[in-house]
Amino acid sequence: MLKGHRTWVFANKPAIIATAAVGGPFEANGRLAEDFDLLHEDLWLGEESYEKAHRVLMEEAAFQAMEKAGLEKEKVQFLIAGDLINQMTPTSFAARTLGMPYLGVFGACSTSMEGLAFSAEFSGLEKEKVQFLIAGDLINQMTPTSFAARTLGMPYLGVFGACSTSMEGLALSAFITNYGGADYILTGASSHNAAVEKQFRYPTEYGGQKPPTAQWTVTGAGVAIVSPKGDGPRVTAATIGRVVDMGLADPFNMGGAMAPAAVDTIEAHLRDMQIDASYYDLIVTGDLGRIGRQVSLDLLRQHGIDIDEERYQDCGLLIYRDGQPVLSGASGAACSAVVVYGHLIKRMRRGELKRILAVATGALLSPLSFQQNETIPCIAHAVAIEYGGEA
């Protein structure tokens, strides 16, 4: 059911019946190492390129989750996933112009029908009447996830929201299962430090200096299996983000660029649900880092939203230990995926948290858009997860 303008409320409360998180060597030395199912000693994972290693991360996380759920892959109806390898900037930048809540999808030249499968036809409407934009294009491709889908052999819906992809996938999975569209959906997101850093910043081998506003891309993959039945934390609502661009153009300060998008989505969620921030035990953003978290806190307070700092955390500040050289914090599509699916879901199962709002944040830029002097359009998707009590 649509509540307000941008929020889905799931009457049947689909369950997250299993999760899995896989990481690399930097994550193995981090604060949340014990919450990973599998950790690797190097970035190559036995492959001949970092991009192929990236694919392996997603495959391993998927197989781990299916093993936990006791499911053969043939029982999973759909795979909804994405990564950061290249970007769909034309569509994302068009979404900035349109100003609609936006779900980026990628299926190469099948994208038109992928979007139609999610959408009802509309015509003769002003753009303010359209609740959601679901679209994609061919500017570069999410090959690690698409190649992992080849291995898994499941019907596949590729999604792209940069580092917001994890919650975009979870929101769509909950929507589909809530209305009887599937019995089991596997959804997730992944990133690889060495594969992604050479796109968004510089290859590690260059030894280029980074400013303190920069962040460290997580090597990992986090996945969840969503079902309309079964035991586990429940997905109760999701608020779809719209593209927000405040004119920042520095790819070394993506946390600052994404903060307004996080605030926009949190405000929309609280307004649509008619609740205040204290409803949740934890509101956790995806990868704002130190700079972005503080900017978002300041903006929330300026907008009259009273939020307890202890209950407002960021995945990019939770995953690594103090002293690891991550500058402003962690980033990457895997950042929110491994922290939510590897750490926070376990805390919920232990009874430490009953209600969380996971707000994954994404910067929808590409190397080409930066070279063409574009500013950075950003987005955030929020998913409410509850366990125990009324959930």
# chains A, B, ... in the order shown; residues from 1 in each chain; ligands from 1

call {"tool": "closest_atom_pairs", "arguments": {"of": "stretch 217-254 of chain A", "to": "stretch 30-52 of chain A", "cutoff": "10 Å", "atoms": "only C-alpha atoms", "output": "CSV"}}
result
residue,atom,partner,partner_atom,distance
A:Thr219,CA,A:Leu43,CA,7.9
A:Gly220,CA,A:Leu39,CA,8.7
A:Ala221,CA,A:Phe36,CA,9.8
A:Gly222,CA,A:Phe36,CA,9.1

call {"tool": "residues_around", "arguments": {"residues": "stretch 76-85 of chain A", "least_positions_apart": "4", "cutoff": "7 Å", "atoms": "only C-alpha atoms", "output": "ChimeraX atom specification"}}
result
/A:141-143,145,154-160,162,165,169,182-191,196,333

call {"tool": "closest_residue", "arguments": {"among": "A:Arg234, A:Lys73, A:Lys13, A:His343", "to": "A:Val284", "atoms": "only C-alpha atoms"}}
result
A:His343

call {"tool": "closest_atom_pairs", "arguments": {"of": "stretch 270-313 of chain A", "to": "stretch 375-387 of chain A", "cutoff": "9 Å", "atoms": "only C-alpha atoms", "output": "Markdown table"}}
result
| residue | atom | partner | partner_atom | distance |
| --- | --- | --- | --- | --- |
| A:Tyr280 | CA | A:Ala384 | CA | 8.8 |
| A:Thr285 | CA | A:Ala380 | CA | 8.7 |
| A:Gly286 | CA | A:Ala380 | CA | 8.5 |

call {"tool": "closest_residue", "arguments": {"among": "A:Thr19, A:Gln274, A:Gln313, A:Gln372", "to": "A:Lys346", "atoms": "only C-alpha atoms"}}
result
A:Thr19

call {"tool": "select_by_dssp", "arguments": {"residues": "stretch 62-296 of chain A", "states": "strand (DSSP E)", "output": "ChimeraX atom specification"}}
result
/A:78-83,102-106,133-135,156-159,185-191,216-217,220-227,234-239,282-285

call {"tool": "select_by_dssp", "arguments": {"residues": "stretch 326-376 of chain A", "states": "alpha helix (DSSP H)", "output": "PyMOL selection string"}}
result
chain A and resi 333-338+345-349+367-371

call {"tool": "write_last_selection", "arguments": {"atoms": "N, CA and C atoms", "output": "PDB file, in the first residue's frame"}}
result
ATOM      1  N   ALA A 333      29.050   0.055  -2.467  1.00  0.00           N
ATOM      2  CA  ALA A 333      27.735  -0.595  -2.447  1.00  0.00           C
ATOM      3  C   ALA A 333      27.661  -1.686  -1.385  1.00  0.00           C
ATOM      4  N   ALA A 334      28.808  -2.304  -1.079  1.00  0.00           N
ATOM      5  CA  ALA A 334      28.823  -3.358  -0.060  1.00  0.00           C
ATOM      6  C   ALA A 334      28.773  -2.802   1.353  1.00  0.00           C
ATOM      7  N   CYS A 335      29.033  -1.511   1.525  1.00  0.00           N
ATOM      8  CA  CYS A 335      29.141  -0.955   2.877  1.00  0.00           C
ATOM      9  C   CYS A 335      27.848  -1.159   3.659  1.00  0.00           C
ATOM     10  N   SER A 336      26.747  -0.641   3.152  1.00  0.00           N
ATOM     11  CA  SER A 336      25.473  -0.836   3.850  1.00  0.00           C
ATOM     12  C   SER A 336      25.028  -2.290   3.797  1.00  0.00           C
ATOM     13  N   ALA A 337      25.340  -2.985   2.703  1.00  0.00           N
ATOM     14  CA  ALA A 337      24.893  -4.374   2.553  1.00  0.00           C
ATOM     15  C   ALA A 337      25.506  -5.281   3.619  1.00  0.00           C
ATOM     16  N   VAL A 338      26.823  -5.186   3.841  1.00  0.00           N
ATOM     17  CA  VAL A 338      27.448  -6.093   4.813  1.00  0.00           C
ATOM     18  C   VAL A 338      27.142  -5.677   6.243  1.00  0.00           C
ATOM     19  N   ILE A 345      21.298  -7.183  11.378  1.00  0.00           N
ATOM     20  CA  ILE A 345      20.287  -8.255  11.433  1.00  0.00           C
ATOM     21  C   ILE A 345      20.612  -9.229  12.563  1.00  0.00           C
ATOM     22  N   LYS A 346      21.892  -9.498  12.786  1.00  0.00           N
ATOM     23  CA  LYS A 346      22.265 -10.361  13.907  1.00  0.00           C
ATOM     24  C   LYS A 346      21.917  -9.699  15.237  1.00  0.00           C
ATOM     25  N   ARG A 347      22.111  -8.408  15.355  1.00  0.00           N
ATOM     26  CA  ARG A 347      21.720  -7.702  16.575  1.00  0.00           C
ATOM     27  C   ARG A 347      20.208  -7.779  16.785  1.00  0.00           C
ATOM     28  N   MET A 348      19.450  -7.713  15.717  1.00  0.00           N
ATOM     29  CA  MET A 348      18.003  -7.832  15.842  1.00  0.00           C
ATOM     30  C   MET A 348      17.612  -9.232  16.313  1.00  0.00           C
ATOM     31  N   ARG A 349      18.246 -10.228  15.755  1.00  0.00           N
ATOM     32  CA  ARG A 349      17.932 -11.607  16.165  1.00  0.00           C
ATOM     33  C   ARG A 349      18.316 -11.867  17.625  1.00  0.00           C
ATOM     34  N   PRO A 367      33.062   8.453 -13.767  1.00  0.00           N
ATOM     35  CA  PRO A 367      34.278   9.159 -14.186  1.00  0.00           C
ATOM     36  C   PRO A 367      34.010  10.131 -15.337  1.00  0.00           C
ATOM     37  N   LEU A 368      33.172   9.727 -16.287  1.00  0.00           N
ATOM     38  CA  LEU A 368      32.887  10.576 -17.438  1.00  0.00           C
ATOM     39  C   LEU A 368      32.115  11.825 -17.024  1.00  0.00           C
ATOM     40  N   SER A 369      31.138  11.665 -16.128  1.00  0.00           N
ATOM     41  CA  SER A 369      30.363  12.839 -15.704  1.00  0.00           C
ATOM     42  C   SER A 369      31.257  13.840 -14.980  1.00  0.00           C
ATOM     43  N   PHE A 370      32.215  13.344 -14.204  1.00  0.00           N
ATOM     44  CA  PHE A 370      33.155  14.235 -13.530  1.00  0.00           C
ATOM     45  C   PHE A 370      34.026  14.965 -14.550  1.00  0.00           C
ATOM     46  N   GLN A 371      34.506  14.227 -15.548  1.00  0.00           N
ATOM     47  CA  GLN A 371      35.358  14.835 -16.572  1.00  0.00           C
ATOM     48  C   GLN A 371      34.601  15.885 -17.381  1.00  0.00           C
TER      49      GLN A 371
END

call {"tool": "residues_around", "arguments": {"residues": "A:Thr239", "least_positions_apart": "5", "cutoff": "12 Å", "atoms": "only C-alpha atoms", "output": "PyMOL selection string"}}
result
chain A and resi 1-10+101-103+131-132+167-168+170-172+174-175+262+264-273+357-360+379-384

call {"tool": "closest_residue", "arguments": {"among": "A:Asp245, A:Glu128, A:Asp298, A:Glu197", "to": "A:Ala261", "atoms": "only C-alpha atoms"}}
result
A:Asp245

call {"tool": "atom_distance", "arguments": {"atom1": "atom CA of A:Ile16", "atom2": "atom CA of A:Lys229"}}
result
9.1 Å
